[in-house]
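Participant: Below: one structure in structure tokens.
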Amino acid sequence: MVQLKYHPDEYDLRGQLRLPLLFWLVLLLQARTWLIFIMAGASRQQGDALLSLFYPDPQAFWLGLVLGIPALAALLLTGYRQRWPRVWQCWRGVLIVALLLASVSQAWQMQQVGLASPLPLLFTLFDLLCLWWLWRSPRLRDCFLPPDPHDE
């Protein structure tokens with residue numbers, strides 16, 4: 001008999017542990033530059049103002065797009081957890097590294113430019129909080145474990 005570590009409602013029909021809601025919010029936070037880019041494209045007239053509000057430095061915008069790619073890939077990979085278990089298993093580490101790089105780059109930019117707006121500081125604090133949660137959450141860690149062949 002298989003003993004479940006979590007409540008049966010926490011598993012989907014395939015027997016995989018459901019991803020926590022906070023994980024989806026972390027992915028959206030990591031992909032925030034892409035979301036702002038899409039919103040700026042959708043609002044053509046205020047697009048430049050929106051981009052300059054969040055990213056006064058164009059280099060920070062391009063760096064944000066690059067650092068958001070792992071989160072976008074994770075959004076796509078969630079549907080392929082069973083098909084590509086090794087890639088999925090490694091992706092938690094990729095997300096942690098991407099968040100660490102984003103936090104370091106934002107801290108460096110705040111040091112270079114100064115704190116003209118509280119927004120970069122707020123994003124850096126959220127990134128550090130998300131980094132801590134990705135690193136420490138046992139439930140999320142279990143979501144990235146490969147499926148046990150004895151369960152089938």
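In the structure tokens, chains take letters A, B, ... by order of appearance, with residues numbered from 1 within each chain and ligands from 1 in the order shown.
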Which polymer residues have any atom within 12 Å of an atom of stretch 46-58 of chain A, counting only C-alpha atoms, with same-chain residues fewer than 4 positions away left out, as JSON, numbers by chain?
Facilitator: {"A": [32, 33, 34, 35, 36, 37, 38, 39, 40, 41, 42, 62, 63, 64, 65, 106, 109, 110, 112, 113, 116, 117, 118, 119, 120, 121, 122, 123]}
Participant: Just want the 12 Å neighbourhood of stretch 92-96 of chain A, counted on only C-alpha atoms, with same-chain residues fewer than 6 positions away dropped. Output as a PDB file with C-alpha atoms, in the first residue's frame.
Facilitator:
ATOM      1  CA  PHE A  23       4.584  28.910  -7.446  1.00  0.00           C
ATOM      2  CA  VAL A  26       6.499  33.487  -8.384  1.00  0.00           C
ATOM      3  CA  LEU A  27       6.638  32.640 -12.098  1.00  0.00           C
ATOM      4  CA  LEU A  29       6.817  37.856 -10.781  1.00  0.00           C
ATOM      5  CA  GLN A  30       9.884  36.477 -12.543  1.00  0.00           C
ATOM      6  CA  ALA A  31       8.312  37.082 -15.961  1.00  0.00           C
ATOM      7  CA  LEU A  67      16.049  36.824 -16.869  1.00  0.00           C
ATOM      8  CA  GLY A  68      12.333  36.165 -17.454  1.00  0.00           C
ATOM      9  CA  ILE A  69      12.961  33.421 -20.007  1.00  0.00           C
ATOM     10  CA  PRO A  70      13.397  30.641 -17.375  1.00  0.00           C
ATOM     11  CA  ALA A  71      10.021  31.559 -15.841  1.00  0.00           C
ATOM     12  CA  LEU A  72       8.327  31.474 -19.248  1.00  0.00           C
ATOM     13  CA  ALA A  73       9.952  28.110 -19.945  1.00  0.00           C
ATOM     14  CA  ALA A  74       8.753  26.838 -16.550  1.00  0.00           C
ATOM     15  CA  LEU A  75       5.209  27.865 -17.451  1.00  0.00           C
ATOM     16  CA  LEU A  77       7.295  22.850 -18.811  1.00  0.00           C
ATOM     17  CA  THR A  78       4.564  22.366 -16.221  1.00  0.00           C
ATOM     18  CA  PRO A  85      11.096  14.443 -15.822  1.00  0.00           C
ATOM     19  CA  ARG A  86      14.842  15.155 -15.802  1.00  0.00           C
ATOM     20  CA  ALA A 102      17.822  39.180 -10.987  1.00  0.00           C
ATOM     21  CA  SER A 103      18.292  40.209  -7.356  1.00  0.00           C
ATOM     22  CA  ASP A 127      12.591  38.544  -5.549  1.00  0.00           C
ATOM     23  CA  LEU A 128      14.530  37.728  -2.378  1.00  0.00           C
ATOM     24  CA  LEU A 129      11.374  36.490  -0.673  1.00  0.00           C
ATOM     25  CA  CYS A 130      10.552  34.299  -3.690  1.00  0.00           C
ATOM     26  CA  LEU A 131      14.126  33.035  -3.771  1.00  0.00           C
ATOM     27  CA  TRP A 132      13.891  32.014  -0.135  1.00  0.00           C
ATOM     28  CA  TRP A 133      10.567  30.244  -0.754  1.00  0.00           C
ATOM     29  CA  LEU A 134      11.839  28.381  -3.838  1.00  0.00           C
ATOM     30  CA  TRP A 135      14.867  27.236  -1.864  1.00  0.00           C
ATOM     31  CA  ARG A 136      13.121  26.259   1.384  1.00  0.00           C
ATOM     32  CA  SER A 137       9.606  24.997   0.537  1.00  0.00           C
ATOM     33  CA  LEU A 140       7.603  22.685  -3.849  1.00  0.00           C
ATOM     34  CA  ARG A 141      10.727  20.527  -3.624  1.00  0.00           C
ATOM     35  CA  ASP A 142       8.475  17.450  -3.685  1.00  0.00           C
ATOM     36  CA  CYS A 143       6.713  18.786  -6.798  1.00  0.00           C
ATOM     37  CA  PHE A 144      10.054  18.709  -8.632  1.00  0.00           C
ATOM     38  CA  LEU A 145      10.978  15.168  -7.594  1.00  0.00           C
TER      39      LEU A 145
END
Participant: Just list the residues in stretch 5-151 of chain A DSSP gives helix (DSSP H, G or I) on the backbone, as number ranges by chain.
Facilitator: A: 8-10, 21-30, 32-42, 47-54, 58-80, 85-113, 119-136, 138-143, 149-151
Participant: Could you pull the residues within 9 Å of A:Gln82, counting only C-alpha atoms, minus those fewer than 3 positions along the same chain, as a CSV table (one decimal) with C-alpha atoms, in the first residue's frame?
Facilitator:
chain,number,residue,atom,x,y,z
A,16,GLN,CA,1.4,14.2,-9.5
A,79,GLY,CA,2.5,20.5,-18.8
A,85,PRO,CA,11.1,14.4,-15.8
A,88,TRP,CA,11.6,19.3,-14.9
A,146,PRO,CA,10.8,12.5,-10.3
A,147,PRO,CA,7.9,10.1,-10.2
Participant: Find the residues near stretch 7-10 of chain A: any atom within 10 Å, counting only C-alpha atoms, skip ones fewer than 5 places away on the same chain, and give them as a ChimeraX atom specification.
Facilitator: /A:15-20
Participant: Any idea what the distance is between atom CA of A:Val66 and atom CA of A:Leu100?
Facilitator: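 Atom CA of A:Val66 sits 13.4 Å away from atom CA of A:Leu100.
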